[in-house]
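Data block below; observations after.
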Amino acid sequence: EKADQSKPIEINANSGTLDQLKGHTVWEGNVVVTQGTLRVNADRVVVTRDDKGNQTVQATGKVVTFRQKMDGKDEYIEGQASRLDYTGITNTAVLTGNARVKRGEDLVIGDVITYNTQSQTYQVKGGAATGPNKGRITVILQPQTTGQQP
Amino acid sequence: MILRAQRLFPIVLLALTGLLTFWLDQISRWTPETRALDPNKPEFVAEHFTALRYDTTGKVQDQLSAQRMWQYPGKDDLFFDAPALQIFAAGVLQYDVRGQTGRYNNKTRQAFFDRQVTLFKPADAQRPETRVDTSVMYVDLDKRLARSAAPVTIHYGTSVARSVGFTYDQRAGLLKLLSNARVVYAK
């Protein structure tokens with residue numbers, strides 16, 4: 001939801017390291033990042049904060065998952081990949097490596113999916129021809145039942 | 001017989017004088033009766049004291065103050081009520097540690113703070129103020145390390161982190177939350 005962006009970011013993990021010289025924090029072990037309805041699960045998360053307070057979150061792990069409630073609907077958008085880079089100032093979450101995003105019943109699969117948490121739109125790239133998806137993307141759109149707006 | 005007596009007299013006289021000297025020496029030597037101090041009672045106590053250590057350029061390096069300090073006989077540790085330790089670098093306060101009680105070992109240069117311990121690091125040009133609250137903390141003055149195995153709350157600017165156990169390496173600028181780490185980055 002749009003309101004998520006104004007909410008504080010909360011992180012729970014097994015351990016954390018704040019590196020004052022580099023200005024970033026590393027969280028490791030069953031890491032859960034929440035901001036309003038947005039929720040990210042990963043093995044390792046690095047949070048960097050610039051001097052204006054803008055945050056970037058880089059989540060990695062065997063599988064990184066994220067979930068966020070859609071604006072004005074009781075529906076969730078869910079995604080997973082090997083890595084997720086979230087940039088607060090541009091509201092962009094980039095899922096890299098065997099990326100999948102599911103919105104309602106629609107499903108998108110590709111190598112890199114760029115998802116905008118503000119506009120709740122996403123862009124998919126197939127990746128290299130030698131990649132697991134052979135450079136292709138897959139989009140599964142469920143038929144609209146009559147009278148239901150997309 | 002008289003001849004023998006005359007010959008023995010100086011020897012006897014010499015022996016008597018020797019004995020007299022030894023006896024006088026013994027009774028005049030006063031060895032104070034040293035009664036062992038009670039190990040459970042402080043050997044000395046100081047009230048409202050401040051100790052300063054200077055670096056090679058003459059600037060304050062460490063400052064340790066307390067309401068009350070005492071030491072037990074034969075022990076290296078100094079014990080404190082309301083200790084406050086301040087660590088400086090080039091005369092600038094790096095951090096300040098306070099507790100309700102504590103102790104310090106001058107040989108190992110290890111300080112221990114107990115009950116309502118607060119480590120405070122003032123803000124500088126790059127970083128916001130940092131405050132660490134816990135119940136127990138060790139500080140190694142030589143290595144500039146602070147650590148605790150107890151639950152800790154850390155205020156870092158507007159963010160609040162909690163964990164069980166932490167280590168803080170001042171020189172490397174590394175603060176590690178050892179387990180059950182949790183942070184809220186406020187907007």
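Within each chain, counting starts at residue 1; across the structure tokens, chains are named A, B, ... in the order shown, with ligands numbered 1 upward in that order.
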Inset, instruction - Tell me which protein, DNA and RNA residues are within 8 Å of range 69-85 of chain A, counting only C-alpha atoms, leaving out same-chain ones fewer than 2 positions away, and put them as a PyMOL selection string. - result: chain A and resi 1-2+37-38+56-67+87+92-104+120
Legend entry - Exercise: Lys143 in chain B partners within 10 Å, only C-alpha atoms, chain neighbours under 2 positions left out, as a list of chain:residue names: B:Arg109, B:Gln110, B:Val139, B:Asp140, B:Leu141, B:Leu145, B:Ala146, B:Asp169, B:Gln170, B:Arg171
With all heavy atoms retained, could you export that selection as a PDB file, in the first residue's frame?
```
ATOM      1  N   ARG B 109      43.583  -3.185  32.962  1.00  0.00           N
ATOM      2  CA  ARG B 109      42.893  -2.019  32.377  1.00  0.00           C
ATOM      3  C   ARG B 109      41.490  -2.406  31.867  1.00  0.00           C
ATOM      4  O   ARG B 109      41.050  -1.987  30.809  1.00  0.00           O
ATOM      5  CB  ARG B 109      43.719  -1.404  31.230  1.00  0.00           C
ATOM      6  CG  ARG B 109      45.112  -1.029  31.652  1.00  0.00           C
ATOM      7  CD  ARG B 109      45.573   0.368  31.448  1.00  0.00           C
ATOM      8  NE  ARG B 109      45.238   0.971  30.197  1.00  0.00           N
ATOM      9  CZ  ARG B 109      44.603   2.140  30.122  1.00  0.00           C
ATOM     10  NH1 ARG B 109      44.193   2.722  31.220  1.00  0.00           N
ATOM     11  NH2 ARG B 109      44.357   2.710  28.962  1.00  0.00           N
ATOM     12  N   GLN B 110      40.850  -3.278  32.663  1.00  0.00           N
ATOM     13  CA  GLN B 110      39.489  -3.686  32.323  1.00  0.00           C
ATOM     14  C   GLN B 110      38.555  -3.046  33.346  1.00  0.00           C
ATOM     15  O   GLN B 110      38.799  -3.112  34.548  1.00  0.00           O
ATOM     16  CB  GLN B 110      39.340  -5.210  32.433  1.00  0.00           C
ATOM     17  CG  GLN B 110      40.324  -5.982  31.602  1.00  0.00           C
ATOM     18  CD  GLN B 110      39.767  -6.256  30.216  1.00  0.00           C
ATOM     19  OE1 GLN B 110      38.572  -6.301  30.009  1.00  0.00           O
ATOM     20  NE2 GLN B 110      40.684  -6.407  29.274  1.00  0.00           N
ATOM     21  N   VAL B 139      34.348  -2.959  29.791  1.00  0.00           N
ATOM     22  CA  VAL B 139      35.031  -2.028  28.901  1.00  0.00           C
ATOM     23  C   VAL B 139      36.523  -2.305  28.997  1.00  0.00           C
ATOM     24  O   VAL B 139      37.084  -2.337  30.101  1.00  0.00           O
ATOM     25  CB  VAL B 139      34.739  -0.559  29.290  1.00  0.00           C
ATOM     26  CG1 VAL B 139      35.502   0.375  28.371  1.00  0.00           C
ATOM     27  CG2 VAL B 139      33.246  -0.268  29.202  1.00  0.00           C
ATOM     28  N   ASP B 140      37.144  -2.543  27.849  1.00  0.00           N
ATOM     29  CA  ASP B 140      38.591  -2.758  27.802  1.00  0.00           C
ATOM     30  C   ASP B 140      39.209  -1.447  27.323  1.00  0.00           C
ATOM     31  O   ASP B 140      39.046  -1.059  26.163  1.00  0.00           O
ATOM     32  CB  ASP B 140      38.919  -3.892  26.810  1.00  0.00           C
ATOM     33  CG  ASP B 140      40.401  -4.216  26.799  1.00  0.00           C
ATOM     34  OD1 ASP B 140      41.213  -3.256  26.871  1.00  0.00           O
ATOM     35  OD2 ASP B 140      40.761  -5.393  26.696  1.00  0.00           O
ATOM     36  N   LEU B 141      39.901  -0.772  28.237  1.00  0.00           N
ATOM     37  CA  LEU B 141      40.379   0.572  27.916  1.00  0.00           C
ATOM     38  C   LEU B 141      41.489   0.545  26.889  1.00  0.00           C
ATOM     39  O   LEU B 141      41.651   1.433  26.091  1.00  0.00           O
ATOM     40  CB  LEU B 141      40.877   1.281  29.187  1.00  0.00           C
ATOM     41  CG  LEU B 141      39.786   2.081  29.897  1.00  0.00           C
ATOM     42  CD1 LEU B 141      38.847   1.137  30.625  1.00  0.00           C
ATOM     43  CD2 LEU B 141      40.357   3.081  30.843  1.00  0.00           C
ATOM     44  N   LEU B 145      37.256  -1.557  23.603  1.00  0.00           N
ATOM     45  CA  LEU B 145      36.131  -2.455  23.303  1.00  0.00           C
ATOM     46  C   LEU B 145      35.136  -2.384  24.456  1.00  0.00           C
ATOM     47  O   LEU B 145      35.538  -2.294  25.619  1.00  0.00           O
ATOM     48  CB  LEU B 145      36.624  -3.905  23.204  1.00  0.00           C
ATOM     49  CG  LEU B 145      37.510  -4.299  22.049  1.00  0.00           C
ATOM     50  CD1 LEU B 145      37.959  -5.756  22.220  1.00  0.00           C
ATOM     51  CD2 LEU B 145      36.746  -4.186  20.744  1.00  0.00           C
ATOM     52  N   ALA B 146      33.846  -2.428  24.143  1.00  0.00           N
ATOM     53  CA  ALA B 146      32.810  -2.536  25.182  1.00  0.00           C
ATOM     54  C   ALA B 146      31.960  -3.742  24.817  1.00  0.00           C
ATOM     55  O   ALA B 146      31.748  -4.011  23.634  1.00  0.00           O
ATOM     56  CB  ALA B 146      31.955  -1.281  25.227  1.00  0.00           C
ATOM     57  N   ASP B 169      33.294  -2.103  19.045  1.00  0.00           N
ATOM     58  CA  ASP B 169      34.717  -1.838  18.814  1.00  0.00           C
ATOM     59  C   ASP B 169      34.816  -0.399  18.345  1.00  0.00           C
ATOM     60  O   ASP B 169      34.461  -0.063  17.214  1.00  0.00           O
ATOM     61  CB  ASP B 169      35.252  -2.803  17.745  1.00  0.00           C
ATOM     62  CG  ASP B 169      36.741  -2.594  17.487  1.00  0.00           C
ATOM     63  OD1 ASP B 169      37.234  -1.475  17.734  1.00  0.00           O
ATOM     64  OD2 ASP B 169      37.390  -3.545  17.029  1.00  0.00           O
ATOM     65  N   GLN B 170      35.281   0.451  19.250  1.00  0.00           N
ATOM     66  CA  GLN B 170      35.220   1.883  18.961  1.00  0.00           C
ATOM     67  C   GLN B 170      36.127   2.248  17.801  1.00  0.00           C
ATOM     68  O   GLN B 170      35.769   3.005  16.925  1.00  0.00           O
ATOM     69  CB  GLN B 170      35.630   2.669  20.216  1.00  0.00           C
ATOM     70  CG  GLN B 170      35.477   4.161  20.053  1.00  0.00           C
ATOM     71  CD  GLN B 170      36.663   4.889  20.635  1.00  0.00           C
ATOM     72  OE1 GLN B 170      37.186   4.496  21.667  1.00  0.00           O
ATOM     73  NE2 GLN B 170      37.108   5.912  19.971  1.00  0.00           N
ATOM     74  N   ARG B 171      37.334   1.658  17.763  1.00  0.00           N
ATOM     75  CA  ARG B 171      38.287   2.028  16.708  1.00  0.00           C
ATOM     76  C   ARG B 171      37.755   1.610  15.338  1.00  0.00           C
ATOM     77  O   ARG B 171      37.822   2.340  14.374  1.00  0.00           O
ATOM     78  CB  ARG B 171      39.649   1.393  16.985  1.00  0.00           C
ATOM     79  CG  ARG B 171      40.355   2.015  18.189  1.00  0.00           C
ATOM     80  CD  ARG B 171      41.823   1.636  18.250  1.00  0.00           C
ATOM     81  NE  ARG B 171      42.473   2.254  19.379  1.00  0.00           N
ATOM     82  CZ  ARG B 171      42.947   1.594  20.437  1.00  0.00           C
ATOM     83  NH1 ARG B 171      42.823   0.262  20.485  1.00  0.00           N
ATOM     84  NH2 ARG B 171      43.525   2.206  21.445  1.00  0.00           N
TER      85      ARG B 171
END
```
Inset, instruction - Compute the set of chain B residues within 6 Å of chain A, using only C-alpha atoms, and express it as a list in words. - result: Gly173, Leu174, Leu175, Lys176, Leu177, Leu178, Ser179, Asn180, Ala181, Arg182, Val183, Val184, Tyr185, Ala186 and Lys187 of chain B
Print the selection's residues with N, CA, C and O atoms to a file, as a short mmCIF file (atom, residue, chain, number, x, y, z; two decimals), in the first residue's frame.
```
data_model
loop_
_atom_site.label_atom_id
_atom_site.label_comp_id
_atom_site.auth_asym_id
_atom_site.auth_seq_id
_atom_site.Cartn_x
_atom_site.Cartn_y
_atom_site.Cartn_z
N GLY B 173 34.67 1.07 14.67
CA GLY B 173 33.32 1.61 14.47
C GLY B 173 32.30 0.51 14.25
O GLY B 173 31.33 0.67 13.52
N LEU B 174 32.53 -0.66 14.89
CA LEU B 174 31.64 -1.81 14.65
C LEU B 174 30.84 -2.11 15.90
O LEU B 174 31.39 -2.38 16.97
N LEU B 175 29.50 -2.07 15.73
CA LEU B 175 28.61 -2.43 16.84
C LEU B 175 27.90 -3.72 16.44
O LEU B 175 27.20 -3.76 15.44
N LYS B 176 28.12 -4.80 17.19
CA LYS B 176 27.52 -6.11 16.83
C LYS B 176 26.44 -6.47 17.84
O LYS B 176 26.68 -6.46 19.04
N LEU B 177 25.27 -6.81 17.31
CA LEU B 177 24.17 -7.28 18.15
C LEU B 177 24.20 -8.80 18.07
O LEU B 177 24.03 -9.35 16.99
N LEU B 178 24.41 -9.47 19.19
CA LEU B 178 24.81 -10.87 19.13
C LEU B 178 23.64 -11.82 18.89
O LEU B 178 23.79 -12.79 18.17
N SER B 179 22.48 -11.58 19.45
CA SER B 179 21.35 -12.49 19.16
C SER B 179 20.03 -11.78 19.41
O SER B 179 20.01 -10.74 20.08
N ASN B 180 18.97 -12.40 18.84
CA ASN B 180 17.64 -11.78 18.95
C ASN B 180 17.68 -10.31 18.60
O ASN B 180 17.24 -9.46 19.36
N ALA B 181 18.26 -10.01 17.46
CA ALA B 181 18.45 -8.60 17.08
C ALA B 181 17.15 -8.07 16.49
O ALA B 181 16.47 -8.75 15.73
N ARG B 182 16.86 -6.81 16.83
CA ARG B 182 15.63 -6.20 16.31
C ARG B 182 15.84 -4.71 16.21
O ARG B 182 16.43 -4.11 17.11
N VAL B 183 15.44 -4.09 15.10
CA VAL B 183 15.63 -2.65 14.95
C VAL B 183 14.38 -2.04 14.34
O VAL B 183 13.68 -2.69 13.56
N VAL B 184 14.08 -0.81 14.71
CA VAL B 184 13.02 -0.05 14.06
C VAL B 184 13.66 1.24 13.55
O VAL B 184 14.18 2.04 14.34
N TYR B 185 13.70 1.35 12.20
CA TYR B 185 14.23 2.58 11.62
C TYR B 185 13.07 3.55 11.51
O TYR B 185 12.19 3.36 10.66
N ALA B 186 13.04 4.55 12.36
CA ALA B 186 11.93 5.52 12.27
C ALA B 186 12.17 6.41 11.06
O ALA B 186 13.30 6.62 10.63
N LYS B 187 11.08 6.88 10.48
CA LYS B 187 11.17 7.74 9.28
C LYS B 187 11.71 9.12 9.59
O LYS B 187 11.48 9.58 10.71
#
```
Inset, instruction - Would you list the contacts of Gly102 in chain B as number ranges by chain, taking every protein, DNA or RNA residue within 9 Å and counting only C-alpha atoms, but skipping same-chain residues closer than 5 positions in sequence? - result: B: 78-83, 111-115
Export all heavy atoms of the chosen residues as a compact mmCIF listing (two decimals), in the first residue's frame?
```
# COMPACT_ATOMS: atom_id res chain seq x y z
N LEU B 78 39.73 -2.06 41.93
CA LEU B 78 39.18 -0.92 42.66
C LEU B 78 37.66 -0.99 42.49
O LEU B 78 37.18 -1.25 41.37
CB LEU B 78 39.69 0.39 42.04
CG LEU B 78 41.20 0.63 42.13
CD1 LEU B 78 41.59 1.77 41.21
CD2 LEU B 78 41.56 0.95 43.56
N PHE B 79 36.92 -0.78 43.53
CA PHE B 79 35.46 -0.87 43.47
C PHE B 79 34.88 0.53 43.57
O PHE B 79 35.45 1.41 44.23
CB PHE B 79 34.93 -1.75 44.62
CG PHE B 79 35.30 -3.20 44.46
CD1 PHE B 79 36.56 -3.66 44.79
CD2 PHE B 79 34.39 -4.10 43.92
CE1 PHE B 79 36.92 -4.98 44.63
CE2 PHE B 79 34.73 -5.43 43.75
CZ PHE B 79 36.00 -5.86 44.11
N PHE B 80 33.72 0.72 42.87
CA PHE B 80 33.16 2.08 42.82
C PHE B 80 31.67 2.08 43.10
O PHE B 80 30.97 1.13 42.76
CB PHE B 80 33.33 2.66 41.41
CG PHE B 80 34.73 2.66 40.93
CD1 PHE B 80 35.19 1.69 40.06
CD2 PHE B 80 35.60 3.64 41.36
CE1 PHE B 80 36.49 1.69 39.62
CE2 PHE B 80 36.91 3.65 40.92
CZ PHE B 80 37.36 2.67 40.05
N ASP B 81 31.23 3.21 43.59
CA ASP B 81 29.81 3.56 43.58
C ASP B 81 29.65 4.69 42.57
O ASP B 81 30.42 5.65 42.58
CB ASP B 81 29.36 4.06 44.97
CG ASP B 81 29.07 2.91 45.90
OD1 ASP B 81 28.88 1.78 45.37
OD2 ASP B 81 29.08 3.10 47.11
N ALA B 82 28.63 4.56 41.69
CA ALA B 82 28.34 5.58 40.67
C ALA B 82 29.59 5.93 39.87
O ALA B 82 30.02 7.07 39.85
CB ALA B 82 27.76 6.83 41.32
N PRO B 83 30.20 4.95 39.21
CA PRO B 83 31.37 5.26 38.40
C PRO B 83 30.97 5.91 37.08
O PRO B 83 29.87 5.64 36.56
CB PRO B 83 32.00 3.90 38.15
CG PRO B 83 30.85 2.95 38.19
CD PRO B 83 29.86 3.52 39.15
N ALA B 111 37.49 -2.42 32.83
CA ALA B 111 36.49 -1.84 33.73
C ALA B 111 35.22 -2.65 33.61
O ALA B 111 34.92 -3.21 32.55
CB ALA B 111 36.24 -0.39 33.34
N PHE B 112 34.49 -2.73 34.70
CA PHE B 112 33.23 -3.50 34.71
C PHE B 112 32.18 -2.60 35.33
O PHE B 112 32.41 -2.02 36.40
CB PHE B 112 33.42 -4.76 35.55
CG PHE B 112 32.15 -5.49 35.86
CD1 PHE B 112 31.52 -6.25 34.89
CD2 PHE B 112 31.55 -5.38 37.10
CE1 PHE B 112 30.34 -6.92 35.17
CE2 PHE B 112 30.38 -6.04 37.39
CZ PHE B 112 29.77 -6.80 36.43
N PHE B 113 31.04 -2.45 34.63
CA PHE B 113 29.97 -1.58 35.13
C PHE B 113 28.74 -2.44 35.38
O PHE B 113 28.45 -3.37 34.61
CB PHE B 113 29.64 -0.49 34.12
CG PHE B 113 30.74 0.49 33.94
CD1 PHE B 113 31.81 0.21 33.09
CD2 PHE B 113 30.76 1.68 34.63
CE1 PHE B 113 32.85 1.09 32.93
CE2 PHE B 113 31.79 2.58 34.48
CZ PHE B 113 32.83 2.29 33.63
N ASP B 114 28.01 -2.07 36.41
CA ASP B 114 26.92 -2.93 36.85
C ASP B 114 25.70 -2.07 37.12
O ASP B 114 25.82 -0.91 37.48
CB ASP B 114 27.38 -3.57 38.18
CG ASP B 114 26.73 -4.90 38.40
OD1 ASP B 114 25.93 -5.32 37.55
OD2 ASP B 114 27.01 -5.50 39.45
N ARG B 115 24.48 -2.66 36.92
CA ARG B 115 23.22 -2.03 37.26
C ARG B 115 23.00 -0.71 36.56
O ARG B 115 23.70 0.26 36.84
CB ARG B 115 23.13 -1.83 38.79
CG ARG B 115 22.99 -3.16 39.52
CD ARG B 115 22.46 -2.95 40.92
NE ARG B 115 23.38 -3.51 41.90
CZ ARG B 115 23.73 -2.87 43.00
NH1 ARG B 115 23.30 -1.66 43.23
NH2 ARG B 115 24.54 -3.44 43.85
```
Inset, instruction - Quick one: everything within 6 Å of range 123-138 of chain A, counting only C-alpha atoms, minus sequence neighbours fewer than 4 positions away in the same chain. Send it as a list in words. - result: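 Residues meeting the cut-off are Val108, Ile109, Gly110, Asp111, Val112, Ile113 and Thr114 of chain A.
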Produce a file of the selected residues containing N, CA, C and O atoms, as a short mmCIF file (atom, residue, chain, number, x, y, z; two decimals), in the first residue's frame.
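out.cif, written as the output of this step:
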```cif
data_model
loop_
_atom_site.label_atom_id
_atom_site.label_comp_id
_atom_site.auth_asym_id
_atom_site.auth_seq_id
_atom_site.Cartn_x
_atom_site.Cartn_y
_atom_site.Cartn_z
N VAL A 108 4.02 -13.79 -12.99
CA VAL A 108 5.05 -13.37 -13.94
C VAL A 108 6.35 -14.03 -13.52
O VAL A 108 6.68 -14.06 -12.32
N ILE A 109 7.09 -14.60 -14.48
CA ILE A 109 8.36 -15.27 -14.17
C ILE A 109 9.41 -14.69 -15.12
O ILE A 109 9.16 -14.49 -16.30
N GLY A 110 10.61 -14.41 -14.59
CA GLY A 110 11.68 -13.90 -15.45
C GLY A 110 12.98 -13.91 -14.67
O GLY A 110 13.03 -14.40 -13.53
N ASP A 111 14.02 -13.33 -15.28
CA ASP A 111 15.30 -13.32 -14.58
C ASP A 111 15.37 -12.12 -13.64
O ASP A 111 15.82 -12.22 -12.50
N VAL A 112 14.90 -10.96 -14.15
CA VAL A 112 14.91 -9.74 -13.31
C VAL A 112 13.52 -9.10 -13.40
O VAL A 112 13.01 -8.89 -14.50
N ILE A 113 12.93 -8.86 -12.24
CA ILE A 113 11.63 -8.17 -12.23
C ILE A 113 11.80 -6.90 -11.40
O ILE A 113 12.25 -6.94 -10.26
N THR A 114 11.44 -5.78 -11.99
CA THR A 114 11.51 -4.51 -11.29
C THR A 114 10.09 -4.11 -10.89
O THR A 114 9.23 -3.96 -11.77
#
```
Inset, instruction - Could you give me, as a PyMOL selection string, the residues within 9 Å of range 49-60 of chain B, counting only C-alpha atoms and dropping anything in the same chain fewer than 2 positions from it? - result: chain B and resi 46-47+62-69+87-92
What does the file look like for those residues with N, CA and C atoms, as a PDB file, in the first residue's frame?
```
ATOM      1  N   ALA B  46      38.052   6.198  49.124  1.00  0.00           N
ATOM      2  CA  ALA B  46      38.140   7.600  48.677  1.00  0.00           C
ATOM      3  C   ALA B  46      36.736   8.032  48.287  1.00  0.00           C
ATOM      4  N   GLU B  47      36.389   9.274  48.640  1.00  0.00           N
ATOM      5  CA  GLU B  47      35.044   9.769  48.324  1.00  0.00           C
ATOM      6  C   GLU B  47      35.138  10.849  47.240  1.00  0.00           C
ATOM      7  N   ASP B  62      41.751   9.323  29.295  1.00  0.00           N
ATOM      8  CA  ASP B  62      40.655   8.652  30.009  1.00  0.00           C
ATOM      9  C   ASP B  62      40.370   9.469  31.261  1.00  0.00           C
ATOM     10  N   GLN B  63      39.121   9.467  31.638  1.00  0.00           N
ATOM     11  CA  GLN B  63      38.784  10.100  32.917  1.00  0.00           C
ATOM     12  C   GLN B  63      37.836   9.174  33.650  1.00  0.00           C
ATOM     13  N   LEU B  64      38.187   8.844  34.890  1.00  0.00           N
ATOM     14  CA  LEU B  64      37.355   7.951  35.696  1.00  0.00           C
ATOM     15  C   LEU B  64      36.976   8.689  36.964  1.00  0.00           C
ATOM     16  N   SER B  65      35.654   8.803  37.208  1.00  0.00           N
ATOM     17  CA  SER B  65      35.246   9.481  38.451  1.00  0.00           C
ATOM     18  C   SER B  65      34.179   8.630  39.124  1.00  0.00           C
ATOM     19  N   ALA B  66      33.989   8.844  40.415  1.00  0.00           N
ATOM     20  CA  ALA B  66      33.001   8.051  41.149  1.00  0.00           C
ATOM     21  C   ALA B  66      32.656   8.773  42.437  1.00  0.00           C
ATOM     22  N   GLN B  67      31.490   8.411  42.975  1.00  0.00           N
ATOM     23  CA  GLN B  67      31.124   8.995  44.272  1.00  0.00           C
ATOM     24  C   GLN B  67      31.992   8.414  45.374  1.00  0.00           C
ATOM     25  N   ARG B  68      32.307   7.094  45.209  1.00  0.00           N
ATOM     26  CA  ARG B  68      33.056   6.431  46.262  1.00  0.00           C
ATOM     27  C   ARG B  68      33.900   5.339  45.650  1.00  0.00           C
ATOM     28  N   MET B  69      35.108   5.189  46.097  1.00  0.00           N
ATOM     29  CA  MET B  69      36.000   4.159  45.555  1.00  0.00           C
ATOM     30  C   MET B  69      36.681   3.495  46.749  1.00  0.00           C
ATOM     31  N   ILE B  87      36.083   8.362  27.710  1.00  0.00           N
ATOM     32  CA  ILE B  87      37.207   8.022  26.838  1.00  0.00           C
ATOM     33  C   ILE B  87      37.319   9.145  25.812  1.00  0.00           C
ATOM     34  N   PHE B  88      38.523   9.663  25.669  1.00  0.00           N
ATOM     35  CA  PHE B  88      38.752  10.779  24.732  1.00  0.00           C
ATOM     36  C   PHE B  88      39.700  10.331  23.633  1.00  0.00           C
ATOM     37  N   ALA B  89      39.654  11.018  22.523  1.00  0.00           N
ATOM     38  CA  ALA B  89      40.657  10.841  21.468  1.00  0.00           C
ATOM     39  C   ALA B  89      41.016  12.241  21.007  1.00  0.00           C
ATOM     40  N   ALA B  90      42.287  12.571  21.133  1.00  0.00           N
ATOM     41  CA  ALA B  90      42.766  13.925  20.808  1.00  0.00           C
ATOM     42  C   ALA B  90      41.925  14.968  21.558  1.00  0.00           C
ATOM     43  N   GLY B  91      41.575  14.625  22.791  1.00  0.00           N
ATOM     44  CA  GLY B  91      40.858  15.593  23.624  1.00  0.00           C
ATOM     45  C   GLY B  91      39.383  15.671  23.338  1.00  0.00           C
ATOM     46  N   VAL B  92      38.890  14.873  22.349  1.00  0.00           N
ATOM     47  CA  VAL B  92      37.455  14.926  22.023  1.00  0.00           C
ATOM     48  C   VAL B  92      36.781  13.702  22.655  1.00  0.00           C
TER      49      VAL B  92
END
```
